[in-house]
$ cat upload_21.txt   # compact mmCIF, C-alpha atoms and all ligand atoms
# COMPACT_ATOMS: atom_id res chain seq x y z
CA MET Z 914 7.89 10.89 10.47
CA THR Z 915 6.63 10.05 13.97
CA GLN Z 916 4.84 13.09 15.30
CA ASN Z 917 5.18 14.29 18.82
CA VAL Z 918 1.46 14.04 19.58
CA SER Z 919 0.24 14.05 23.17
CA TYR Z 920 -1.91 10.98 23.71
CA ASP Z 921 -5.11 11.24 25.74
CA GLU Z 922 -5.76 7.73 27.06
CA SER Z 923 -9.31 8.58 28.13
CA THR Z 924 -10.58 9.53 24.68
CA GLU Z 925 -8.14 8.49 21.94
CA PRO Z 926 -8.36 4.97 20.53
CA LEU Z 927 -5.10 3.04 20.75
CA LEU Z 928 -5.17 2.20 17.05
CA SER Z 929 -6.90 4.26 14.36
CA VAL Z 930 -7.00 3.02 10.80
CA ASN Z 931 -8.26 5.56 8.28
CA ASP Z 932 -9.16 4.83 4.64
CA LEU Z 933 -6.36 2.23 4.43
CA LYS Z 934 -5.63 0.77 0.99
CA VAL Z 935 -3.39 -2.12 -0.01
CA HIS Z 936 -3.34 -2.54 -3.79
CA PHE Z 937 -1.10 -5.15 -5.42
CA ASN Z 938 0.15 -5.00 -8.99
CA VAL Z 939 -0.30 -8.54 -10.27
CA PRO Z 940 0.11 -10.20 -13.71
CA ARG Z 941 -3.15 -10.00 -15.72
CA GLY Z 942 -2.62 -13.48 -17.19
CA LYS Z 943 -0.08 -16.31 -17.36
CA LEU Z 944 1.72 -14.92 -20.41
CA PRO Z 945 4.50 -12.35 -19.93
CA TRP Z 946 2.87 -9.87 -22.35
CA SER Z 947 -0.54 -10.02 -20.63
CA GLY Z 948 0.36 -6.91 -18.62
CA LYS Z 949 -0.44 -5.96 -15.04
CA ALA Z 950 -3.70 -5.49 -13.17
CA THR Z 951 -4.49 -3.90 -9.80
CA LEU Z 952 -5.73 -6.23 -7.07
CA ARG Z 953 -7.48 -4.16 -4.39
CA ALA Z 954 -6.99 -6.43 -1.37
CA VAL Z 955 -7.83 -3.67 1.13
CA ASN Z 956 -9.81 -0.82 -0.38
CA GLY Z 957 -10.45 2.08 1.98
CA VAL Z 958 -10.85 0.50 5.43
CA SER Z 959 -11.47 2.66 8.52
CA PHE Z 960 -11.88 1.46 12.11
CA ASP Z 961 -10.35 1.85 15.54
CA VAL Z 962 -9.39 -0.30 18.51
CA ARG Z 963 -9.80 1.06 22.05
CA ARG Z 964 -7.67 0.25 25.06
CA GLY Z 965 -8.61 -3.14 26.55
CA GLU Z 966 -11.14 -4.16 23.91
CA THR Z 967 -11.30 -7.00 21.39
CA VAL Z 968 -12.34 -6.18 17.84
CA GLY Z 969 -13.35 -9.27 15.87
CA LEU Z 970 -12.62 -9.13 12.11
CA VAL Z 971 -14.74 -11.45 9.95
CA GLY Z 972 -15.45 -12.09 6.28
CA GLU Z 973 -15.14 -14.83 3.68
CA SER Z 974 -11.79 -16.14 2.51
CA GLY Z 975 -9.90 -13.64 0.34
CA CYS Z 976 -11.76 -10.54 1.61
CA GLY Z 977 -8.49 -8.97 2.84
CA LYS Z 978 -8.41 -9.76 6.58
CA SER Z 979 -4.78 -10.93 6.72
CA THR Z 980 -3.59 -8.20 4.37
CA LEU Z 981 -5.23 -5.56 6.58
CA ALA Z 982 -3.66 -7.10 9.71
CA ARG Z 983 -0.24 -7.24 8.06
CA ALA Z 984 -0.48 -3.68 6.72
CA ILE Z 985 -1.14 -2.33 10.23
CA VAL Z 986 2.18 -3.73 11.48
CA GLY Z 987 4.11 -2.74 8.34
CA LEU Z 988 4.26 -6.24 6.80
CA ALA Z 989 2.19 -5.38 3.70
CA PRO Z 990 2.77 -2.43 1.35
CA VAL Z 991 0.25 0.37 1.88
CA SER Z 992 -1.05 2.30 -1.14
CA GLY Z 993 -3.10 4.91 0.69
CA GLY Z 994 -4.69 6.00 3.94
CA SER Z 995 -3.16 6.05 7.39
CA VAL Z 996 -2.58 4.15 10.61
CA ARG Z 997 -2.21 5.99 13.91
CA TRP Z 998 -0.83 4.30 17.00
CA ARG Z 999 -1.44 6.11 20.32
CA GLY Z 1000 -1.89 9.34 18.44
CA ALA Z 1001 1.24 9.06 16.29
CA GLU Z 1002 1.10 8.52 12.53
CA THR Z 1003 2.86 5.19 11.82
CA VAL Z 1004 1.66 4.69 8.27
CA GLN Z 1005 0.67 7.43 5.88
CA GLY Z 1006 0.29 6.39 2.28
CA ALA Z 1007 3.43 4.57 1.22
CA ARG Z 1008 5.46 6.10 4.09
CA ARG Z 1009 5.75 4.17 7.30
CA ASP Z 1010 7.48 4.41 10.62
CA ILE Z 1011 6.56 1.37 12.65
CA VAL Z 1012 9.14 1.91 15.41
CA PRO Z 1013 6.47 3.22 17.85
CA LEU Z 1014 4.41 0.07 17.53
CA ARG Z 1015 7.14 -2.58 17.15
CA ARG Z 1016 7.20 -3.34 20.86
CA ASP Z 1017 3.60 -2.42 21.64
CA VAL Z 1018 1.93 -4.52 18.93
CA GLN Z 1019 2.51 -8.25 18.47
CA MET Z 1020 1.01 -10.88 16.15
CA ILE Z 1021 -0.21 -14.45 16.64
CA PHE Z 1022 -0.49 -16.50 13.45
CA GLN Z 1023 -2.78 -19.23 12.12
CA ASP Z 1024 -0.30 -22.10 11.81
CA PRO Z 1025 1.31 -22.37 15.23
CA LEU Z 1026 4.02 -24.91 14.28
CA ALA Z 1027 5.09 -23.07 11.10
CA SER Z 1028 5.35 -19.77 12.97
CA LEU Z 1029 7.90 -21.14 15.51
CA ASP Z 1030 11.57 -21.63 14.55
CA PRO Z 1031 12.14 -25.44 14.68
CA ARG Z 1032 15.82 -25.03 15.69
CA MET Z 1033 15.09 -23.03 18.82
CA THR Z 1034 14.03 -24.34 22.23
CA ILE Z 1035 10.76 -23.13 23.72
CA GLU Z 1036 12.76 -20.98 26.16
CA GLN Z 1037 14.69 -19.31 23.31
CA ILE Z 1038 11.50 -18.76 21.27
CA VAL Z 1039 9.61 -17.11 24.12
CA ALA Z 1040 12.65 -15.09 25.32
CA GLU Z 1041 13.58 -13.73 21.88
CA PRO Z 1042 11.25 -10.67 21.75
CA LEU Z 1043 12.26 -9.74 25.30
CA LEU Z 1044 15.97 -9.86 24.41
CA THR Z 1045 15.31 -7.81 21.26
CA HIS Z 1046 13.23 -5.07 22.86
CA GLN Z 1047 14.70 -5.01 26.38
CA PRO Z 1048 18.37 -6.05 25.96
CA ASP Z 1049 19.27 -4.82 29.48
CA VAL Z 1050 17.17 -7.46 31.25
CA SER Z 1051 19.41 -9.91 33.19
CA ARG Z 1052 19.57 -13.61 32.21
CA ALA Z 1053 17.99 -14.64 35.51
CA ASP Z 1054 15.17 -12.17 34.96
CA VAL Z 1055 14.61 -13.42 31.41
CA ARG Z 1056 14.32 -17.04 32.60
CA SER Z 1057 11.97 -16.12 35.41
CA ARG Z 1058 9.76 -14.04 33.09
CA VAL Z 1059 9.72 -16.83 30.46
CA LEU Z 1060 8.72 -19.35 33.12
CA THR Z 1061 5.98 -17.10 34.53
CA MET Z 1062 4.62 -16.54 31.04
CA LEU Z 1063 4.73 -20.27 30.14
CA GLU Z 1064 2.82 -21.09 33.33
CA ARG Z 1065 0.31 -18.35 32.54
CA VAL Z 1066 -0.48 -20.00 29.18
CA GLY Z 1067 -0.76 -23.51 30.69
CA LEU Z 1068 2.80 -24.84 30.12
CA ASN Z 1069 5.58 -25.39 32.69
CA ALA Z 1070 9.33 -25.56 33.44
CA GLN Z 1071 9.63 -29.03 31.87
CA HIS Z 1072 8.82 -27.48 28.50
CA LEU Z 1073 11.68 -24.94 28.55
CA ARG Z 1074 14.27 -27.14 26.81
CA ARG Z 1075 11.94 -28.87 24.37
CA TYR Z 1076 11.50 -28.07 20.64
CA PRO Z 1077 8.31 -27.08 18.75
CA HIS Z 1078 7.97 -30.43 16.89
CA GLU Z 1079 7.52 -32.18 20.28
CA PHE Z 1080 4.28 -30.25 20.90
CA SER Z 1081 0.66 -30.55 19.74
CA GLY Z 1082 -0.95 -27.75 17.69
CA GLY Z 1083 -2.69 -26.37 20.78
CA GLN Z 1084 0.55 -26.38 22.80
CA CYS Z 1085 2.41 -24.66 19.94
CA GLN Z 1086 -0.26 -21.95 19.92
CA ARG Z 1087 0.21 -21.53 23.69
CA VAL Z 1088 3.94 -21.01 23.00
CA GLY Z 1089 3.04 -18.47 20.27
CA ILE Z 1090 0.82 -16.61 22.75
CA ALA Z 1091 3.58 -16.63 25.42
CA ARG Z 1092 6.06 -15.25 22.85
CA ALA Z 1093 3.61 -12.52 21.80
CA LEU Z 1094 2.90 -11.46 25.39
CA ILE Z 1095 6.34 -11.66 27.02
CA GLY Z 1096 7.25 -8.06 26.11
CA GLU Z 1097 3.96 -6.75 27.58
CA PRO Z 1098 2.43 -5.43 24.34
CA GLN Z 1099 -0.72 -3.31 24.35
CA LEU Z 1100 -2.30 -4.74 21.21
CA VAL Z 1101 -2.10 -8.31 19.90
CA ILE Z 1102 -3.24 -9.02 16.36
CA CYS Z 1103 -4.43 -12.63 16.18
CA ASP Z 1104 -4.75 -13.85 12.56
CA GLU Z 1105 -7.04 -16.91 12.69
CA PRO Z 1106 -5.27 -18.22 15.79
CA VAL Z 1107 -7.58 -21.20 16.24
CA SER Z 1108 -8.69 -22.19 12.74
CA ALA Z 1109 -5.90 -24.78 12.31
CA LEU Z 1110 -6.74 -26.46 15.66
CA ASP Z 1111 -9.16 -29.25 16.59
CA VAL Z 1112 -12.57 -27.92 17.63
CA SER Z 1113 -12.09 -29.14 21.24
CA ILE Z 1114 -8.79 -27.25 21.51
CA GLN Z 1115 -10.17 -24.10 19.85
CA ALA Z 1116 -12.38 -23.30 22.86
CA GLN Z 1117 -9.44 -23.68 25.27
CA ILE Z 1118 -7.29 -21.25 23.28
CA VAL Z 1119 -10.15 -18.74 22.84
CA ASN Z 1120 -10.83 -18.88 26.61
CA LEU Z 1121 -7.12 -18.42 27.34
CA LEU Z 1122 -6.96 -15.36 25.06
CA ARG Z 1123 -10.12 -13.93 26.62
CA ASP Z 1124 -8.75 -14.40 30.17
CA LEU Z 1125 -5.41 -12.83 29.22
CA GLN Z 1126 -7.16 -9.92 27.53
CA ARG Z 1127 -9.14 -9.19 30.72
CA GLU Z 1128 -6.27 -9.69 33.17
CA LEU Z 1129 -3.74 -7.64 31.22
CA SER Z 1130 -6.22 -5.05 29.82
CA LEU Z 1131 -4.91 -6.04 26.42
CA SER Z 1132 -6.44 -4.92 23.16
CA LEU Z 1133 -6.97 -7.65 20.58
CA LEU Z 1134 -7.69 -7.54 16.86
CA PHE Z 1135 -9.04 -11.05 16.39
CA VAL Z 1136 -9.31 -12.28 12.78
CA ALA Z 1137 -11.56 -15.30 12.17
CA HIS Z 1138 -13.95 -16.99 9.74
CA ASP Z 1139 -16.05 -18.41 12.51
CA LEU Z 1140 -18.74 -16.04 13.75
CA ALA Z 1141 -19.42 -18.16 16.85
CA VAL Z 1142 -15.78 -17.79 17.92
CA VAL Z 1143 -15.87 -14.04 17.23
CA LYS Z 1144 -19.07 -13.72 19.26
CA ALA Z 1145 -17.40 -15.42 22.22
CA ILE Z 1146 -14.40 -13.12 22.32
CA SER Z 1147 -15.23 -9.72 20.80
CA HIS Z 1148 -16.55 -6.41 22.11
CA ARG Z 1149 -16.96 -4.94 18.64
CA VAL Z 1150 -17.13 -6.65 15.25
CA LEU Z 1151 -15.83 -5.53 11.85
CA VAL Z 1152 -17.35 -7.27 8.82
CA MET Z 1153 -15.30 -7.11 5.60
CA TYR Z 1154 -16.21 -7.99 2.02
CA LEU Z 1155 -13.92 -7.59 -1.02
CA GLY Z 1156 -11.50 -5.29 0.78
CA ARG Z 1157 -14.18 -3.01 2.23
CA VAL Z 1158 -15.95 -2.61 5.59
CA MET Z 1159 -19.61 -3.60 5.36
CA GLU Z 1160 -20.51 -3.16 9.04
CA PHE Z 1161 -18.65 -2.18 12.21
CA GLY Z 1162 -20.25 -1.98 15.62
CA GLU Z 1163 -20.88 -3.30 19.11
CA LYS Z 1164 -21.08 -7.09 19.12
CA ARG Z 1165 -24.50 -7.25 20.79
CA GLU Z 1166 -26.04 -4.88 18.28
CA VAL Z 1167 -24.42 -6.49 15.23
CA TYR Z 1168 -25.42 -10.02 16.27
CA ALA Z 1169 -28.92 -9.13 17.50
CA THR Z 1170 -29.92 -6.71 14.72
CA PRO Z 1171 -27.44 -7.01 11.84
CA ALA Z 1172 -28.05 -4.05 9.54
CA HIS Z 1173 -26.05 -5.07 6.45
CA PRO Z 1174 -27.43 -7.81 4.15
CA TYR Z 1175 -23.96 -9.45 4.08
CA THR Z 1176 -23.80 -9.61 7.89
CA ARG Z 1177 -27.33 -11.04 7.94
CA ALA Z 1178 -26.33 -13.75 5.43
CA LEU Z 1179 -23.16 -14.65 7.36
CA LEU Z 1180 -25.06 -14.84 10.66
CA SER Z 1181 -27.90 -16.86 9.22
CA ALA Z 1182 -25.37 -19.56 8.25
CA VAL Z 1183 -24.26 -20.00 11.90
CA PRO Z 1184 -26.20 -22.94 13.43
CA VAL Z 1185 -28.18 -22.30 16.64
CA PRO Z 1186 -27.57 -24.97 19.35
CA ASP Z 1187 -31.32 -25.43 20.06
CA PRO Z 1188 -32.67 -27.86 17.36
CA ALA Z 1189 -36.24 -26.51 17.69
CA VAL Z 1190 -35.09 -22.92 17.08
CA GLU Z 1191 -32.77 -24.10 14.31
CA ARG Z 1192 -35.66 -25.83 12.45
CA GLU Z 1193 -37.74 -22.64 12.51
CA ARG Z 1194 -34.96 -20.32 11.32
CA ARG Z 1195 -34.90 -18.88 7.83
CA HIS Z 1196 -31.47 -19.31 6.29
CA LEU Z 1197 -30.33 -16.64 3.84
CA LEU Z 1198 -28.10 -18.30 1.31
CA LEU Z 1199 -25.20 -16.35 -0.10
CA ARG Z 1200 -25.76 -16.62 -3.84
CA GLY Z 1201 -22.83 -17.33 -6.16
CA GLU Z 1202 -19.13 -16.87 -5.64
CA ILE Z 1203 -17.32 -13.88 -4.18
CA PRO Z 1204 -16.17 -11.79 -7.22
CA SER Z 1205 -12.46 -11.43 -7.96
CA PRO Z 1206 -10.81 -8.44 -6.26
CA LEU Z 1207 -9.22 -7.83 -9.71
CA SER Z 1208 -12.62 -6.84 -11.10
CA PRO Z 1209 -14.95 -5.91 -8.24
CA PRO Z 1210 -18.53 -4.85 -9.08
CA SER Z 1211 -19.20 -1.15 -9.60
CA GLY Z 1212 -20.88 0.64 -6.72
CA CYS Z 1213 -21.54 -1.59 -3.72
CA ALA Z 1214 -19.03 -4.48 -3.65
CA PHE Z 1215 -21.74 -6.86 -2.38
CA ARG Z 1216 -24.38 -6.04 -4.97
CA THR Z 1217 -23.89 -9.13 -7.21
CA ARG Z 1218 -24.93 -11.36 -4.29
CA CYS Z 1219 -27.24 -9.06 -2.39
CA PRO Z 1220 -30.94 -10.05 -2.16
CA ASP Z 1221 -31.87 -6.39 -1.55
CA ALA Z 1222 -29.92 -4.81 -4.44
CA ILE Z 1223 -31.59 -2.10 -6.51
CA ASP Z 1224 -30.26 -0.23 -9.57
CA ALA Z 1225 -28.86 2.61 -7.44
CA CYS Z 1226 -26.54 0.13 -5.68
CA GLY Z 1227 -24.38 -0.01 -8.83
CA GLU Z 1228 -23.63 3.71 -8.89
CA THR Z 1229 -21.09 4.49 -6.16
CA PRO Z 1230 -19.70 2.55 -3.17
CA PRO Z 1231 -22.05 3.34 -0.28
CA GLU Z 1232 -20.78 5.68 2.43
CA ALA Z 1233 -20.97 4.25 5.95
CA VAL Z 1234 -24.05 5.47 7.84
CA VAL Z 1235 -24.37 5.39 11.63
CA ARG Z 1236 -27.24 3.34 13.10
CA GLY Z 1237 -28.62 2.27 16.48
CA ALA Z 1238 -27.71 3.03 20.06
CA GLY Z 1239 -24.28 1.44 19.61
CA MET Z 1240 -23.41 3.78 16.70
CA THR Z 1241 -22.88 0.84 14.32
CA ARG Z 1242 -21.48 1.95 10.95
CA VAL Z 1243 -23.16 0.30 7.97
CA ALA Z 1244 -22.14 0.66 4.31
CA CYS Z 1245 -25.50 0.05 2.65
CA ILE Z 1246 -27.81 2.55 0.99
CA ARG Z 1247 -30.80 0.48 2.16
CA ALA Z 1248 -29.71 -0.07 5.77
CA GLY Z 1249 -32.85 0.00 7.86
CA VAL Z 1250 -35.10 -0.24 4.79
CA SER Z 1251 -34.55 -3.80 3.54
CA ALA Z 1252 -36.31 -6.78 5.14
CA THR Z 1253 -34.14 -9.83 4.34
N1 LIG M 1301 1.39 -10.39 -1.74
C1 LIG M 1301 0.29 -10.45 -2.47
N2 LIG M 1301 0.33 -10.23 -3.80
C2 LIG M 1301 -0.80 -10.27 -4.55
N3 LIG M 1301 -2.03 -10.54 -4.05
C3 LIG M 1301 -2.13 -10.77 -2.74
C4 LIG M 1301 -0.98 -10.75 -1.88
N4 LIG M 1301 -1.40 -11.03 -0.61
C5 LIG M 1301 -2.74 -11.22 -0.69
N5 LIG M 1301 -3.18 -11.07 -1.96
C6 LIG M 1301 -4.57 -11.17 -2.43
O1 LIG M 1301 -5.32 -10.26 -1.65
C7 LIG M 1301 -6.63 -10.77 -1.41
C8 LIG M 1301 -6.88 -10.79 0.09
O2 LIG M 1301 -6.06 -11.81 0.67
P1 LIG M 1301 -6.00 -12.07 2.23
O3 LIG M 1301 -5.02 -13.16 2.47
O4 LIG M 1301 -5.78 -10.79 2.92
O5 LIG M 1301 -7.49 -12.58 2.52
P2 LIG M 1301 -8.08 -13.22 3.87
O6 LIG M 1301 -9.37 -12.50 4.13
O7 LIG M 1301 -7.05 -13.19 4.94
O8 LIG M 1301 -8.39 -14.70 3.41
P3 LIG M 1301 -8.36 -16.05 4.29
O9 LIG M 1301 -9.63 -16.04 5.10
O10 LIG M 1301 -8.38 -17.14 3.26
O11 LIG M 1301 -7.13 -16.05 5.14
C9 LIG M 1301 -6.67 -12.16 -2.06
O12 LIG M 1301 -7.27 -12.02 -3.33
C10 LIG M 1301 -5.21 -12.53 -2.18
O13 LIG M 1301 -5.00 -13.41 -3.27
S1 LIG M 1302 -25.99 -1.01 -1.00
FE1 LIG M 1302 -27.45 -2.23 -2.19
S2 LIG M 1302 -26.28 -4.01 -2.93
FE2 LIG M 1302 -25.11 -3.06 -1.26
S3 LIG M 1302 -25.70 -4.17 0.54
FE3 LIG M 1302 -27.04 -2.39 0.42
S4 LIG M 1302 -28.86 -3.10 -0.69
FE4 LIG M 1302 -27.26 -4.62 -1.02
MG MG M 1303 -6.12 -14.67 6.08

$ encode --input "upload_21.txt" --output "structure tokens"
Amino acid sequence: MTQNVSYDESTEPLLSVNDLKVHFNVPRGKLPWSGKATLRAVNGVSFDVRRGETVGLVGESGCGKSTLARAIVGLAPVSGGSVRWRGAETVQGARRDIVPLRRDVQMIFQDPLASLDPRMTIEQIVAEPLLTHQPDVSRADVRSRVLTMLERVGLNAQHLRRYPHEFSGGQCQRVGIARALIGEPQLVICDEPVSALDVSIQAQIVNLLRDLQRELSLSLLFVAHDLAVVKAISHRVLVMYLGRVMEFGEKREVYATPAHPYTRALLSAVPVPDPAVERERRHLLLRGEIPSPLSPPSGCAFRTRCPDAIDACGETPPEAVVRGAGMTRVACIRAGVSAT
């Protein structure tokens, strides 16, 4: 299915996701005769990632961040839409051909210890992708590249023969990063890579990823709950709610003038370091619970919690409109009108 498309590096995004849907058929209740229901984990998501940029992906728990990340690399079943990698269609509806992106796209996971094979040494873990994708590389070359990569992530030759359980969470995540980068990928999808780590270690790992991204001109899709972490690392930010994109735009614009009521509520919950400023700030509380993706609200997915909702919001899901100098895309019929 891979098309022979010529790829223009100057204009084409590396990754283009278009109207992607991941719908799961799940049991409606606990009893066998309750029947099946459709859970719309990802429900028509479009965005792109350019060469050398970091796109931060945020949203409350269960909004579909991990499912979207997994669908891009062929680890979750796609029900509709498409994924293009360097101009070639890798996913189109239920059909997929992830060969073009297997070497170019790598993932880093949330739980660093669980994502490393406990029976393998650090050297074997880091070398494995290289041996899989470049089997002709000599043993001496493999060792030297593993060592260079370990040193680049803050580890050293003494760690080569050790096992994952001998390492702290932060060190395990450094091993995970070395393993992801050894084959020189172009895009790394990081699914909450720091949320299982102590706060003091989180900043070290975020800084390491940011330095690597700059040095290697890597593209990152960085999934996180924490908007402060996303602000530190991202160029553009994608805000998801109940499987849909609420806002997608340049970080500065989204953080300085958030256009979607959901983005405004998320940002207003992030504390400001200056206590005087913090005391004066108006906090927008997110009312109620996030609805079940088994029975999302009609129209705008956010309308049951939105302080700006009007009757028209229940009619159809809002189309994304383009706003501001940064061409931010906002899925809200009142974008620019509401004053929350
Ligand atoms: N394999 C699956 N089968 C059925 N439902 C699933 C499956 N994987 C995920 N889901 C559901 O899809 C929705 C989105 O889950 P997902 O893990 O993508 O959310 P998330 O945004 O990554 O959440 P978190 O921030 O907690 O990691 C949830 O309702 C989840 O229960
Ligand atoms: S479309 Fe309506 S309910 Fe949805 S975010 Fe905008 S104002 Fe709120
Ligand atoms: Mg997740």

$ residues_around --input "upload_21.txt" --residues "Pro1025 (chain Z)" --least-positions-apart "3" --cutoff "8 Å" --atoms "all atoms listed in the file" --output "list in words"
Phe1022, Ser1028, Leu1029, Gly1082, Gly1083, Cys1085, Gln1086, Gly1089 and Pro1106 of chain Z

$ residues_near_ligand --input "upload_21.txt" --ligand "ligand LIG 1301 (chain M)" --cutoff "9 Å" --atoms "all atoms listed in the file" --output "JSON, numbers by chain"
{"Z": [935, 936, 937, 938, 939, 952, 953, 954, 955, 971, 972, 973, 974, 975, 976, 977, 978, 979, 980, 981, 982, 983, 989, 990, 1023, 1104, 1105, 1136, 1137, 1138, 1153, 1154, 1155, 1156, 1205, 1206, 1207]}

$ residues_near_ligand --input "upload_21.txt" --ligand "ligand LIG 1302 (chain M)" --cutoff "7 Å" --atoms "all atoms listed in the file" --output "PyMOL selection string"
chain Z and resi 1173-1175+1213-1216+1219-1223+1226+1231+1244-1248

$ residues_around --input "upload_21.txt" --residues "Gly987 (chain Z)" --least-positions-apart "3" --cutoff "12 Å" --atoms "only C-alpha atoms" --output "PDB file with C-alpha atoms, in the frame of the given file"
ATOM      1  CA  VAL Z 935      -3.390  -2.120  -0.010  1.00  0.00           C
ATOM      2  CA  THR Z 980      -3.590  -8.200   4.370  1.00  0.00           C
ATOM      3  CA  LEU Z 981      -5.230  -5.560   6.580  1.00  0.00           C
ATOM      4  CA  ALA Z 982      -3.660  -7.100   9.710  1.00  0.00           C
ATOM      5  CA  ARG Z 983      -0.240  -7.240   8.060  1.00  0.00           C
ATOM      6  CA  ALA Z 984      -0.480  -3.680   6.720  1.00  0.00           C
ATOM      7  CA  PRO Z 990       2.770  -2.430   1.350  1.00  0.00           C
ATOM      8  CA  VAL Z 991       0.250   0.370   1.880  1.00  0.00           C
ATOM      9  CA  SER Z 992      -1.050   2.300  -1.140  1.00  0.00           C
ATOM     10  CA  SER Z 995      -3.160   6.050   7.390  1.00  0.00           C
ATOM     11  CA  VAL Z 996      -2.580   4.150  10.610  1.00  0.00           C
ATOM     12  CA  THR Z1003       2.860   5.190  11.820  1.00  0.00           C
ATOM     13  CA  VAL Z1004       1.660   4.690   8.270  1.00  0.00           C
ATOM     14  CA  GLN Z1005       0.670   7.430   5.880  1.00  0.00           C
ATOM     15  CA  GLY Z1006       0.290   6.390   2.280  1.00  0.00           C
ATOM     16  CA  ALA Z1007       3.430   4.570   1.220  1.00  0.00           C
ATOM     17  CA  ARG Z1008       5.460   6.100   4.090  1.00  0.00           C
ATOM     18  CA  ARG Z1009       5.750   4.170   7.300  1.00  0.00           C
ATOM     19  CA  ASP Z1010       7.480   4.410  10.620  1.00  0.00           C
ATOM     20  CA  ILE Z1011       6.560   1.370  12.650  1.00  0.00           C
ATOM     21  CA  VAL Z1012       9.140   1.910  15.410  1.00  0.00           C
ATOM     22  CA  PRO Z1013       6.470   3.220  17.850  1.00  0.00           C
ATOM     23  CA  LEU Z1014       4.410   0.070  17.530  1.00  0.00           C
ATOM     24  CA  ARG Z1015       7.140  -2.580  17.150  1.00  0.00           C
ATOM     25  CA  VAL Z1018       1.930  -4.520  18.930  1.00  0.00           C
ATOM     26  CA  GLN Z1019       2.510  -8.250  18.470  1.00  0.00           C
ATOM     27  CA  MET Z1020       1.010 -10.880  16.150  1.00  0.00           C
TER      28      MET Z1020
END

$ residues_around --input "upload_21.txt" --residues "region 957-966 of chain Z" --least-positions-apart "4" --cutoff "10 Å" --atoms "all atoms listed in the file" --output "PyMOL selection string"
chain Z and resi 922-935+953+981+992-999+1099-1100+1126-1134+1146-1149+1151+1153+1156-1159+1161-1162+1233+1242

$ closest_residue --input "upload_21.txt" --among "Z:Met1062, Z:Lys949, Z:Lys1164, Z:Phe1135" --to "ligand MG 1303 (chain M)" --atoms "only C-alpha atoms and all ligand atoms"
Z:Phe1135

$ closest_residue --input "upload_21.txt" --among "Z:Ala1027, Z:Gly948, Z:Cys1103, Z:Pro1042" --to "ligand MG 1303 (chain M)" --atoms "only C-alpha atoms and all ligand atoms"
Z:Cys1103

$ atom_distance --input "upload_21.txt" --atom1 "CA of Glu1166 (chain Z)" --atom2 "CA of Leu1122 (chain Z)"
22.8 Å

$ atom_distance --input "upload_21.txt" --atom1 "CA of Gly1067 (chain Z)" --atom2 "CA of Arg1087 (chain Z)"
7.3 Å

$ closest_residue --input "upload_21.txt" --among "Z:Leu1060, Z:Gln1047, Z:Ile1095, Z:Ser1108" --to "ligand MG 1303 (chain M)" --atoms "only C-alpha atoms and all ligand atoms"
Z:Ser1108

$ atom_distance --input "upload_21.txt" --atom1 "CA of Arg1032 (chain Z)" --atom2 "CA of Gln1115 (chain Z)"
26.3 Å

$ closest_residue --input "upload_21.txt" --among "Z:Ala1109, Z:Ala1091, Z:Ile1038, Z:Leu1043" --to "ligand MG 1303 (chain M)" --atoms "only C-alpha atoms and all ligand atoms"
Z:Ala1109

$ axis_aligned_box --input "upload_21.txt" --around "region 1219-1227 of chain Z" --padding-each-side "6 Å" --output "lines of an AutoDock Vina configuration file"
center_x = -28.1
center_y = -3.7
center_z = -5.6
size_x = 19.5
size_y = 24.7
size_z = 20.0

$ residues_around --input "upload_21.txt" --residues "Tyr1168 (chain Z)" --least-positions-apart "3" --cutoff "8 Å" --atoms "only C-alpha atoms" --output "PDB file with C-alpha atoms, in the coordinates of the input"
ATOM      1  CA  LYS Z1144     -19.070 -13.720  19.260  1.00  0.00           C
ATOM      2  CA  LYS Z1164     -21.080  -7.090  19.120  1.00  0.00           C
ATOM      3  CA  ARG Z1165     -24.500  -7.250  20.790  1.00  0.00           C
ATOM      4  CA  PRO Z1171     -27.440  -7.010  11.840  1.00  0.00           C
ATOM      5  CA  LEU Z1180     -25.060 -14.840  10.660  1.00  0.00           C
TER       6      LEU Z1180
END
